[in-house]
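> Supplied structure: data_30.txt, compact mmCIF, C-alpha atoms.
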```
# COMPACT_ATOMS: atom_id res chain seq x y z
CA MET W 1 0.00 0.00 0.00
CA ILE W 2 1.38 3.40 -1.02
CA VAL W 3 0.07 6.23 1.16
CA LEU W 4 0.24 9.93 0.38
CA GLY W 5 0.72 11.86 3.65
CA ILE W 6 -0.16 15.54 4.04
CA GLU W 7 0.78 17.74 7.02
CA SER W 8 -0.46 21.36 7.22
CA SER W 9 -1.31 21.95 10.87
CA CYS W 10 0.74 25.11 11.36
CA ASP W 11 3.52 26.84 9.40
CA GLU W 12 5.13 23.96 7.52
CA THR W 13 3.75 22.17 4.49
CA GLY W 14 4.85 18.54 4.54
CA VAL W 15 4.14 15.86 1.94
CA ALA W 16 5.41 12.27 1.75
CA LEU W 17 4.85 8.90 0.13
CA TYR W 18 5.11 5.85 2.38
CA CYS W 19 4.89 2.23 1.25
CA SER W 20 3.77 -0.44 3.71
CA GLU W 21 6.31 -2.84 2.22
CA ARG W 22 9.25 -0.61 1.17
CA GLY W 23 9.09 2.17 3.73
CA LEU W 24 9.47 5.88 3.01
CA LEU W 25 9.67 6.52 -0.73
CA ALA W 26 9.94 10.32 -0.85
CA ASP W 27 9.17 13.38 1.22
CA ALA W 28 9.31 17.15 0.84
CA LEU W 29 8.87 20.03 3.25
CA TYR W 30 8.30 23.75 2.83
CA SER W 31 8.86 25.98 5.87
CA GLN W 32 7.15 29.35 6.24
CA VAL W 33 9.71 30.68 8.74
CA GLU W 34 10.78 33.59 6.54
CA LEU W 35 7.14 34.54 5.92
CA HIS W 36 6.29 34.79 9.63
CA GLU W 37 9.62 36.08 10.94
CA ALA W 38 8.66 39.71 10.37
CA TYR W 39 5.64 39.25 12.66
CA GLY W 40 7.48 37.45 15.45
CA GLY W 41 5.18 34.42 15.21
CA VAL W 42 2.75 32.52 13.02
CA VAL W 43 -0.05 34.54 11.39
CA PRO W 44 -2.85 31.99 10.78
CA GLU W 45 -4.32 33.59 7.64
CA LEU W 46 -0.92 33.88 5.98
CA ALA W 47 -0.10 30.29 6.92
CA SER W 48 -3.31 29.01 5.30
CA ARG W 49 -2.70 30.95 2.08
CA ASP W 50 0.85 29.67 1.81
CA HIS W 51 -0.32 26.06 2.27
CA VAL W 52 -2.70 26.63 -0.67
CA ARG W 53 0.20 27.84 -2.83
CA LYS W 54 2.70 25.13 -1.89
CA LEU W 55 0.71 21.94 -1.33
CA VAL W 56 0.00 20.79 -4.89
CA PRO W 57 3.53 21.56 -6.17
CA LEU W 58 4.97 19.55 -3.26
CA ILE W 59 2.72 16.60 -4.10
CA LYS W 60 4.02 16.72 -7.65
CA THR W 61 7.59 16.87 -6.32
CA VAL W 62 7.31 13.74 -4.17
CA LEU W 63 5.61 11.82 -6.98
CA ASP W 64 8.46 12.76 -9.31
CA ASP W 65 11.10 11.91 -6.69
CA ALA W 66 9.54 8.47 -6.15
CA GLN W 67 9.06 8.02 -9.91
CA LEU W 68 5.36 7.39 -9.41
CA SER W 69 2.16 8.74 -10.91
CA ARG W 70 -1.07 9.78 -9.20
CA THR W 71 -2.65 6.46 -10.05
CA ASP W 72 -0.01 4.67 -7.96
CA ILE W 73 -1.45 6.23 -4.78
CA ASP W 74 -3.47 3.63 -2.84
CA ALA W 75 -4.63 5.87 0.02
CA VAL W 76 -4.33 9.38 1.44
CA ALA W 77 -3.58 10.37 5.04
CA TYR W 78 -3.88 13.95 6.26
CA THR W 79 -3.56 15.80 9.55
CA ALA W 80 -7.04 16.52 10.90
CA GLY W 81 -5.91 18.16 14.15
CA PRO W 82 -4.90 19.59 16.47
CA GLY W 83 -3.63 22.81 14.91
CA LEU W 84 -4.71 26.01 13.19
CA LEU W 85 -8.15 25.38 11.73
CA GLY W 86 -7.58 27.23 8.47
CA ALA W 87 -4.24 25.54 7.88
CA LEU W 88 -5.69 22.12 8.74
CA MET W 89 -8.59 22.69 6.37
CA VAL W 90 -6.24 23.25 3.43
CA GLY W 91 -4.49 19.90 3.87
CA ALA W 92 -7.64 17.99 4.83
CA SER W 93 -9.77 19.25 1.95
CA CYS W 94 -6.97 18.69 -0.56
CA GLY W 95 -6.29 15.17 0.77
CA ARG W 96 -9.96 14.25 0.82
CA ALA W 97 -10.45 15.57 -2.72
CA ILE W 98 -7.48 13.59 -4.03
CA ALA W 99 -8.78 10.41 -2.38
CA TYR W 100 -12.26 10.98 -3.80
CA GLY W 101 -10.91 11.72 -7.28
CA LEU W 102 -8.73 8.59 -7.29
CA ASP W 103 -11.44 6.48 -5.62
CA VAL W 104 -9.06 5.40 -2.84
CA PRO W 105 -9.57 5.47 0.95
CA ALA W 106 -8.54 8.37 3.14
CA VAL W 107 -7.75 8.53 6.85
CA GLU W 108 -7.59 11.33 9.43
CA VAL W 109 -4.37 11.50 11.45
CA HIS W 110 -3.78 13.09 14.84
CA HIS W 111 -0.81 15.45 14.57
CA MET W 112 0.72 14.32 17.86
CA GLU W 113 0.31 10.64 16.98
CA GLY W 114 2.37 11.46 13.91
CA HIS W 115 5.13 12.84 16.12
CA LEU W 116 4.84 9.89 18.50
CA LEU W 117 5.36 7.43 15.67
CA ALA W 118 8.09 9.38 13.85
CA PRO W 119 10.89 7.27 15.45
CA MET W 120 9.35 4.25 13.70
CA LEU W 121 10.78 5.64 10.46
CA GLU W 122 14.32 4.89 11.67
CA LEU W 123 16.29 1.73 10.86
CA ASN W 124 15.93 0.25 14.36
CA PRO W 125 12.51 1.36 15.60
CA PRO W 126 11.46 0.68 19.21
CA GLU W 127 8.82 -1.88 20.03
CA ALA W 128 5.79 -1.20 22.21
CA PRO W 129 5.15 -0.92 25.05
CA PHE W 130 7.04 2.30 25.83
CA VAL W 131 6.71 5.76 27.32
CA ALA W 132 6.56 8.66 24.86
CA LEU W 133 7.58 12.25 25.58
CA LEU W 134 5.91 14.61 23.12
CA VAL W 135 7.58 17.97 23.45
CA SER W 136 6.88 20.78 21.00
CA GLY W 137 5.67 24.35 20.68
CA GLY W 138 2.11 23.39 21.49
CA HIS W 139 2.40 20.24 23.61
CA THR W 140 4.39 18.73 26.45
CA GLN W 141 3.00 15.30 27.28
CA LEU W 142 4.08 11.98 28.72
CA VAL W 143 2.15 9.12 27.16
CA LYS W 144 1.95 5.46 28.07
CA VAL W 145 1.87 3.47 24.82
CA GLU W 146 0.71 -0.14 25.00
CA ALA W 147 0.41 -0.40 21.22
CA ILE W 148 -0.15 1.86 18.24
CA GLY W 149 -3.49 3.52 18.88
CA ASP W 150 -3.56 2.58 22.59
CA TYR W 151 -2.52 5.71 24.46
CA GLU W 152 -2.86 6.88 28.05
CA ILE W 153 -1.81 10.39 29.07
CA LEU W 154 0.39 10.16 32.16
CA GLY W 155 1.11 13.85 32.49
CA GLU W 156 1.04 17.09 30.51
CA SER W 157 1.66 20.79 30.84
CA VAL W 158 -0.99 22.64 32.85
CA ASP W 159 -0.05 25.93 31.12
CA ASP W 160 2.70 26.71 28.60
CA ALA W 161 4.29 23.90 26.62
CA ALA W 162 8.08 23.69 26.75
CA GLY W 163 8.48 24.88 23.18
CA GLU W 164 6.07 27.74 23.80
CA ALA W 165 8.13 28.81 26.83
CA PHE W 166 11.29 28.77 24.69
CA ASP W 167 9.60 30.98 22.09
CA LYS W 168 8.37 33.47 24.70
CA VAL W 169 11.78 33.70 26.35
CA ALA W 170 13.28 34.32 22.90
CA LYS W 171 10.98 37.33 22.56
CA MET W 172 12.01 38.60 25.99
CA LEU W 173 15.66 38.33 24.93
CA GLU W 174 14.85 39.90 21.53
CA LEU W 175 16.21 36.91 19.63
CA GLY W 176 13.57 36.83 16.91
CA TYR W 177 11.54 33.98 15.41
CA PRO W 178 11.70 30.98 15.53
CA GLY W 179 12.72 31.33 19.15
CA GLY W 180 13.53 27.84 20.41
CA PRO W 181 16.63 27.14 18.31
CA ARG W 182 17.92 30.68 18.94
CA VAL W 183 17.61 30.36 22.71
CA ALA W 184 19.44 27.02 22.53
CA ALA W 185 22.22 28.48 20.39
CA LEU W 186 22.66 31.44 22.74
CA ALA W 187 22.59 29.13 25.77
CA ASP W 188 25.57 27.23 24.38
CA THR W 189 27.67 30.39 24.81
CA GLY W 190 26.46 31.20 28.34
CA ASP W 191 27.56 30.39 31.88
CA VAL W 192 24.98 27.90 33.13
CA GLY W 193 26.04 28.42 36.74
CA ARG W 194 25.58 32.18 37.01
CA PHE W 195 21.81 32.07 37.62
CA THR W 196 19.74 29.41 39.35
CA PHE W 197 16.23 28.97 38.00
CA PRO W 198 13.51 26.81 39.63
CA ARG W 199 12.62 23.31 38.41
CA PRO W 200 8.81 23.67 38.53
CA MET W 201 6.63 20.88 39.98
CA THR W 202 9.58 18.55 40.59
CA ASP W 203 9.28 18.87 44.38
CA ARG W 204 5.91 17.11 44.40
CA PRO W 205 4.65 13.77 43.07
CA GLY W 206 3.05 13.49 39.67
CA LEU W 207 3.97 13.79 36.02
CA ASP W 208 2.39 17.10 35.02
CA PHE W 209 4.49 20.04 33.83
CA SER W 210 4.28 23.80 34.34
CA PHE W 211 6.51 26.31 32.57
CA SER W 212 4.56 29.54 33.03
CA GLY W 213 6.18 30.37 36.37
CA LEU W 214 9.63 29.60 34.97
CA LYS W 215 8.93 32.00 32.13
CA THR W 216 7.96 34.72 34.66
CA PHE W 217 11.11 34.03 36.70
CA CYS W 218 13.12 34.48 33.52
CA ARG W 219 11.35 37.77 32.76
CA ASN W 220 12.09 39.11 36.24
CA THR W 221 15.75 38.13 35.93
CA ILE W 222 15.97 40.01 32.64
CA LEU W 223 14.42 43.11 34.21
CA ASP W 224 16.81 42.92 37.17
CA HIS W 225 19.76 43.11 34.79
CA THR W 226 18.40 45.71 32.38
CA ASP W 227 19.82 49.23 32.70
CA ASP W 228 17.85 52.48 32.77
CA ASP W 229 18.08 52.75 28.98
CA GLY W 230 16.48 49.33 28.55
CA HIS W 231 19.68 47.55 27.55
CA ILE W 232 21.10 44.24 28.74
CA ASP W 233 24.56 43.06 27.81
CA GLN W 234 25.01 40.06 25.53
CA ALA W 235 26.90 37.97 28.08
CA THR W 236 24.04 38.30 30.57
CA LYS W 237 21.53 37.35 27.87
CA ALA W 238 23.54 34.21 27.17
CA ASP W 239 23.77 33.34 30.87
CA ILE W 240 20.00 33.77 31.30
CA ALA W 241 19.34 31.62 28.22
CA ALA W 242 21.64 28.92 29.60
CA ALA W 243 19.97 28.95 33.02
CA PHE W 244 16.49 28.86 31.48
CA GLN W 245 17.31 25.99 29.13
CA GLU W 246 18.95 24.02 31.94
CA ALA W 247 15.86 24.42 34.12
CA VAL W 248 13.55 23.21 31.34
CA VAL W 249 15.61 20.16 30.38
CA ASP W 250 16.23 19.22 34.02
CA THR W 251 12.49 19.37 34.70
CA VAL W 252 11.66 17.26 31.65
CA ALA W 253 14.35 14.70 32.46
CA ILE W 254 13.15 14.32 36.06
CA LYS W 255 9.57 13.73 34.91
CA CYS W 256 10.65 11.24 32.23
CA ARG W 257 12.64 9.23 34.74
CA ARG W 258 9.59 9.16 37.02
CA ALA W 259 7.38 7.96 34.16
CA VAL W 260 9.78 5.13 33.31
CA LYS W 261 9.94 4.05 36.96
CA GLN W 262 6.15 4.28 37.34
CA THR W 263 5.36 2.17 34.27
CA GLY W 264 8.31 -0.19 34.54
CA TYR W 265 8.92 0.23 30.81
CA LYS W 266 12.50 0.32 29.59
CA ARG W 267 11.98 2.36 26.45
CA LEU W 268 11.37 6.11 26.09
CA ILE W 269 10.47 7.72 22.78
CA VAL W 270 11.11 11.45 22.50
CA ALA W 271 9.51 13.35 19.63
CA GLY W 272 8.38 16.83 18.62
CA GLY W 273 10.34 19.94 17.70
CA VAL W 274 12.04 20.36 21.09
CA SER W 275 13.35 16.77 20.86
CA ALA W 276 16.07 18.18 18.59
CA ASN W 277 17.50 20.17 21.52
CA ARG W 278 21.02 18.86 22.17
CA ARG W 279 21.04 19.63 25.88
CA LEU W 280 17.71 17.86 26.39
CA ARG W 281 19.12 14.74 24.74
CA GLU W 282 22.17 14.81 27.00
CA LYS W 283 20.05 15.17 30.14
CA LEU W 284 17.63 12.42 29.14
CA GLN W 285 20.44 10.03 28.34
CA ALA W 286 22.01 10.65 31.76
CA ALA W 287 18.67 10.30 33.58
CA LEU W 288 17.50 7.16 31.80
CA VAL W 289 20.76 5.25 32.02
CA LYS W 290 20.17 5.15 35.77
CA GLU W 291 16.97 3.21 35.04
CA ARG W 292 18.69 1.01 32.44
CA ALA W 293 16.25 2.34 29.88
CA GLU W 294 16.83 3.18 26.21
CA VAL W 295 15.93 6.49 24.59
CA PHE W 296 14.75 6.67 20.97
CA TYR W 297 14.45 9.76 18.75
CA PRO W 298 13.38 10.43 15.19
CA GLY W 299 16.09 11.70 12.87
CA LEU W 300 16.60 15.45 13.20
CA LYS W 301 14.84 15.90 9.87
CA TYR W 302 11.66 14.39 11.34
CA CYS W 303 11.66 16.11 14.75
CA THR W 304 9.68 19.08 13.44
CA ASP W 305 6.41 18.84 11.50
CA ASN W 306 6.71 16.72 8.36
CA GLY W 307 4.65 14.66 5.94
CA ALA W 308 6.56 11.41 6.53
CA MET W 309 5.20 10.96 10.05
CA ILE W 310 1.64 11.53 8.82
CA ALA W 311 2.05 9.07 5.96
CA TYR W 312 3.42 6.43 8.35
CA ALA W 313 0.77 6.94 11.03
CA GLY W 314 -1.94 6.97 8.39
CA CYS W 315 -0.63 3.77 6.86
CA GLN W 316 -0.87 1.97 10.20
CA ARG W 317 -4.46 3.09 10.68
CA LEU W 318 -5.41 2.17 7.13
CA LEU W 319 -3.93 -1.31 7.58
CA ALA W 320 -6.05 -1.62 10.72
CA GLY W 321 -9.16 -0.93 8.64
CA GLU W 322 -9.78 2.70 9.56
CA ARG W 323 -11.35 5.03 6.98
CA ALA W 324 -12.37 8.70 6.98
CA PRO W 325 -15.89 9.75 5.98
CA LEU W 326 -16.51 11.82 2.87
CA SER W 327 -17.00 14.93 4.99
CA VAL W 328 -13.93 17.01 5.85
CA ARG W 329 -13.46 17.25 9.62
CA THR W 330 -10.74 19.23 11.39
CA LYS W 331 -10.19 19.93 15.08
CA ALA W 332 -8.21 22.78 16.61
CA ARG W 333 -8.13 20.78 19.86
CA TRP W 334 -8.06 17.00 19.93
CA PRO W 335 -6.88 15.01 22.97
CA LEU W 336 -4.51 12.22 21.97
CA SER W 337 -6.36 9.81 24.24
CA ASP W 338 -9.44 10.21 22.00
```
Spell out the structure here as C-alpha cells.

Amino acid sequence: MIVLGIESSCDETGVALYCSERGLLADALYSQVELHEAYGGVVPELASRDHVRKLVPLIKTVLDDAQLSRTDIDAVAYTAGPGLLGALMVGASCGRAIAYGLDVPAVEVHHMEGHLLAPMLELNPPEAPFVALLVSGGHTQLVKVEAIGDYEILGESVDDAAGEAFDKVAKMLELGYPGGPRVAALADTGDVGRFTFPRPMTDRPGLDFSFSGLKTFCRNTILDHTDDDGHIDQATKADIAAAFQEAVVDTVAIKCRRAVKQTGYKRLIVAGGVSANRRLREKLQAALVKERAEVFYPGLKYCTDNGAMIAYAGCQRLLAGERAPLSVRTKARWPLSD
C-alpha cells in the first residue's frame, strides 16, 4: 500500500509517500519561517494561504522523486488536528479531494500521533510498550503506549508547553523567530552556573508540567539586569538563556525518569520539535541510564512537522481498517487519548 501523507497543521507544508512494504519513498517540506519572521510568530491567515500555494507543487515533487504517478497512490492520510483550523482545512480538503478523485480510501491523522510514531521511520525502531515524551511548541506530554493507537496520558503541561516557553523567552531576549533554536544556540555560549532557575513541579509527586512560572522568573531576571536605557549586555543574555534551558531540560528529564519508573517500561520515545534540543538529549540520556532504559528519537529531519510521520501513522491506521468519511473534519483541539 502506497500512502500519500499531508501535514499542514501550522507553518510547515509537509508531503510524503510511504509504502507499507518498502518504507518511506519520498518526502518534501516547505517551511514558512521567513514569511512569519517579520511578525514574530505565526499569522494563521498567511499560513493558510501559503499552504494553498505550496501543497499541490509539493505533491508533484514527491511523486516525481519516487518516480510514481497519481494512479499509484493507494490511500491518502492527512492531519485533521490539532492545529490552526484554516491551515488544517487546506491539507484535509486537498487530501480528501485527491482520495475521492482517485477512488481510494482516506484517513484522518492526529498530529501528535504522527510525532509519537516518527521514530518508527528509523532503521531500528522501538517496540511497544514504551513511554513517549511529546515535546513541541504546542504540547508537552508523557504518554503510556501499550500499542499503536492505545494511548494513556500520564502527564502534561498545565499551562505553557516547553516549546512555547522557549519561544516566549526568545521574545524577551529579543532573539527573533523561531525562538527555540535561537535560545538554545545562545545558551551554548552562556555560563549555566551564574543564575539558578527553579525546576517547577519537581518537588511534588506526579507527572504534570508547568513552565509559566519559569517564564515569569526568567522575565524578572531580565528586568533585574536591564539598565535604565532598557539595555542588557550580551553575556548576561547568554547566561540567562543557559539557566532557562537548563531548568527546562532538568524538569523534563526528572519527569521522564519518574514515568519510566512508574510504568516499569524500559523504552522512552522522545519526539516533537524540542526533541532536537542537544542539551535535552544529554540530560535524558544521563537520567534514563540510571533506570537502564533506552531512549529513541526520530532523525533530526523528522523532529519538526513533516509529511513522513503523517504518511506512516496513516498507513498503520489504514492497515487496521480505519477510513475517513466523505466529509472534511478538522479539530483545533483533539486530545490524543481520543
> Quick one: distance from CA of Ala311 in chain W to CA of Gly91 in chain W in Å, one decimal?
12.8 Å
> Residues at most 9 Å from Gly149 in chain W, counting only C-alpha atoms, excluding those fewer than 6 positions away in the same chain, as JSON, numbers by chain?
{"W": [113, 317, 337]}
> Pick from W:Pro125, W:Gly179, W:Gly163, W:Pro200: nearest to Leu214 in chain W, with all atoms listed in the file counted?
W:Pro200
> For Pro119 in chain W, which residue out of W:Trp334, W:Tyr312, W:Phe209, W:Tyr297 is the nearest one, using all atoms listed in the file?
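Selected residue with least distance to Pro119 in chain W: W:Tyr297.
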> What does the distance from CA of Ile6 in chain W to CA of Glu146 in chain W come to in Å, to one decimal?
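The value is 26.2 Å.
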> Just give me the gap between CA of Val15 in chain W and CA of Leu29 in chain W in Å, one decimal is fine.
6.4 Å
> Given the choices W:Thr236, W:Ser93, W:Asn277, W:Thr216, which gets closest to Ala80 in chain W if the distance is worked out from all atoms listed in the file?
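Checking each of W:Thr236, W:Ser93, W:Asn277, W:Thr216 against Ala80 in chain W, counting all atoms listed in the file, the winner is W:Ser93.
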> For Val109 in chain W, which of W:Met201, W:Val270, W:Met309, W:Val52 is the closest residue, counting all atoms listed in the file?
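Under the stated criterion, the closest residue is W:Met309.
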> Could you tell me which of W:Cys303, W:Ala26, W:Leu142, W:Val183 comes closest to Gly273 in chain W if we count all atoms listed in the file?
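Among W:Cys303, W:Ala26, W:Leu142, W:Val183, it is W:Cys303 that comes nearest to Gly273 in chain W.
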> Excluding same-chain residues fewer than 6 positions from Pro205 in chain W, what lies within 12 Å of it counting only C-alpha atoms, as a list in words?
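Counting only the stated atoms, we get Gly155, Ile254, Lys255, Arg258, Ala259 and Gln262 of chain W.
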> When you look at Ala313 in chain W with a cut-off of 12 Å (counting only C-alpha atoms), what residues show up, excluding the ones that are within fewer than 2 positions of it in the same chain? I need them as JSON, numbers by chain.
{"W": [3, 4, 5, 6, 7, 16, 17, 18, 19, 20, 24, 76, 77, 78, 79, 107, 108, 109, 110, 111, 112, 113, 114, 115, 116, 117, 118, 119, 120, 121, 148, 149, 306, 307, 308, 309, 310, 311, 315, 316, 317, 318, 319, 320, 322]}
> Give me a file of those residues, with C-alpha atoms, as a PDB file, in the coordinates of the input.

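What ended up in result_18.pdb:
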```pdb
ATOM      1  CA  VAL W   3       0.070   6.230   1.160  1.00  0.00           C
ATOM      2  CA  LEU W   4       0.240   9.930   0.380  1.00  0.00           C
ATOM      3  CA  GLY W   5       0.720  11.860   3.650  1.00  0.00           C
ATOM      4  CA  ILE W   6      -0.160  15.540   4.040  1.00  0.00           C
ATOM      5  CA  GLU W   7       0.780  17.740   7.020  1.00  0.00           C
ATOM      6  CA  ALA W  16       5.410  12.270   1.750  1.00  0.00           C
ATOM      7  CA  LEU W  17       4.850   8.900   0.130  1.00  0.00           C
ATOM      8  CA  TYR W  18       5.110   5.850   2.380  1.00  0.00           C
ATOM      9  CA  CYS W  19       4.890   2.230   1.250  1.00  0.00           C
ATOM     10  CA  SER W  20       3.770  -0.440   3.710  1.00  0.00           C
ATOM     11  CA  LEU W  24       9.470   5.880   3.010  1.00  0.00           C
ATOM     12  CA  VAL W  76      -4.330   9.380   1.440  1.00  0.00           C
ATOM     13  CA  ALA W  77      -3.580  10.370   5.040  1.00  0.00           C
ATOM     14  CA  TYR W  78      -3.880  13.950   6.260  1.00  0.00           C
ATOM     15  CA  THR W  79      -3.560  15.800   9.550  1.00  0.00           C
ATOM     16  CA  VAL W 107      -7.750   8.530   6.850  1.00  0.00           C
ATOM     17  CA  GLU W 108      -7.590  11.330   9.430  1.00  0.00           C
ATOM     18  CA  VAL W 109      -4.370  11.500  11.450  1.00  0.00           C
ATOM     19  CA  HIS W 110      -3.780  13.090  14.840  1.00  0.00           C
ATOM     20  CA  HIS W 111      -0.810  15.450  14.570  1.00  0.00           C
ATOM     21  CA  MET W 112       0.720  14.320  17.860  1.00  0.00           C
ATOM     22  CA  GLU W 113       0.310  10.640  16.980  1.00  0.00           C
ATOM     23  CA  GLY W 114       2.370  11.460  13.910  1.00  0.00           C
ATOM     24  CA  HIS W 115       5.130  12.840  16.120  1.00  0.00           C
ATOM     25  CA  LEU W 116       4.840   9.890  18.500  1.00  0.00           C
ATOM     26  CA  LEU W 117       5.360   7.430  15.670  1.00  0.00           C
ATOM     27  CA  ALA W 118       8.090   9.380  13.850  1.00  0.00           C
ATOM     28  CA  PRO W 119      10.890   7.270  15.450  1.00  0.00           C
ATOM     29  CA  MET W 120       9.350   4.250  13.700  1.00  0.00           C
ATOM     30  CA  LEU W 121      10.780   5.640  10.460  1.00  0.00           C
ATOM     31  CA  ILE W 148      -0.150   1.860  18.240  1.00  0.00           C
ATOM     32  CA  GLY W 149      -3.490   3.520  18.880  1.00  0.00           C
ATOM     33  CA  ASN W 306       6.710  16.720   8.360  1.00  0.00           C
ATOM     34  CA  GLY W 307       4.650  14.660   5.940  1.00  0.00           C
ATOM     35  CA  ALA W 308       6.560  11.410   6.530  1.00  0.00           C
ATOM     36  CA  MET W 309       5.200  10.960  10.050  1.00  0.00           C
ATOM     37  CA  ILE W 310       1.640  11.530   8.820  1.00  0.00           C
ATOM     38  CA  ALA W 311       2.050   9.070   5.960  1.00  0.00           C
ATOM     39  CA  CYS W 315      -0.630   3.770   6.860  1.00  0.00           C
ATOM     40  CA  GLN W 316      -0.870   1.970  10.200  1.00  0.00           C
ATOM     41  CA  ARG W 317      -4.460   3.090  10.680  1.00  0.00           C
ATOM     42  CA  LEU W 318      -5.410   2.170   7.130  1.00  0.00           C
ATOM     43  CA  LEU W 319      -3.930  -1.310   7.580  1.00  0.00           C
ATOM     44  CA  ALA W 320      -6.050  -1.620  10.720  1.00  0.00           C
ATOM     45  CA  GLU W 322      -9.780   2.700   9.560  1.00  0.00           C
TER      46      GLU W 322
END
```
> Here is a test: counting all atoms listed in the file, which residue of W:Ser157, W:Glu294, W:Ala75, W:Phe166 is nearest to Ala185 in chain W?
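Counting all atoms listed in the file, the residue closest to Ala185 in chain W is W:Phe166.
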> So which residues touch Val169 in chain W within 10 Å, counting only C-alpha atoms, skipping near sequence neighbours fewer than 2 positions away, as a compact mmCIF listing (two decimals) with C-alpha atoms, in the frame of the given file?

```
# COMPACT_ATOMS: atom_id res chain seq x y z
CA GLY W 163 8.48 24.88 23.18
CA GLU W 164 6.07 27.74 23.80
CA ALA W 165 8.13 28.81 26.83
CA PHE W 166 11.29 28.77 24.69
CA ASP W 167 9.60 30.98 22.09
CA LYS W 171 10.98 37.33 22.56
CA MET W 172 12.01 38.60 25.99
CA LEU W 173 15.66 38.33 24.93
CA GLU W 174 14.85 39.90 21.53
CA LEU W 175 16.21 36.91 19.63
CA GLY W 179 12.72 31.33 19.15
CA GLY W 180 13.53 27.84 20.41
CA VAL W 183 17.61 30.36 22.71
CA LEU W 214 9.63 29.60 34.97
CA LYS W 215 8.93 32.00 32.13
CA THR W 216 7.96 34.72 34.66
CA CYS W 218 13.12 34.48 33.52
CA ARG W 219 11.35 37.77 32.76
CA ILE W 222 15.97 40.01 32.64
CA ILE W 240 20.00 33.77 31.30
CA ALA W 241 19.34 31.62 28.22
CA PHE W 244 16.49 28.86 31.48
CA GLN W 245 17.31 25.99 29.13
```
> Can you pull out every residue within 7 Å of Val90 in chain W, counting all atoms listed in the file, but drop anything in the same chain fewer than 3 positions away, and send it as a list in words?
Ser48, His51, Val52, Gly86, Ala87, Ser93 and Cys94 of chain W
> Is it possible to get the residues within 10 Å of (10.3, 10.8, 34.5) (coordinates as in the file, counting all atoms listed in the file) written as number ranges by chain?
W: 131, 133, 142, 155, 202, 206-207, 251-263, 268, 284, 287-288
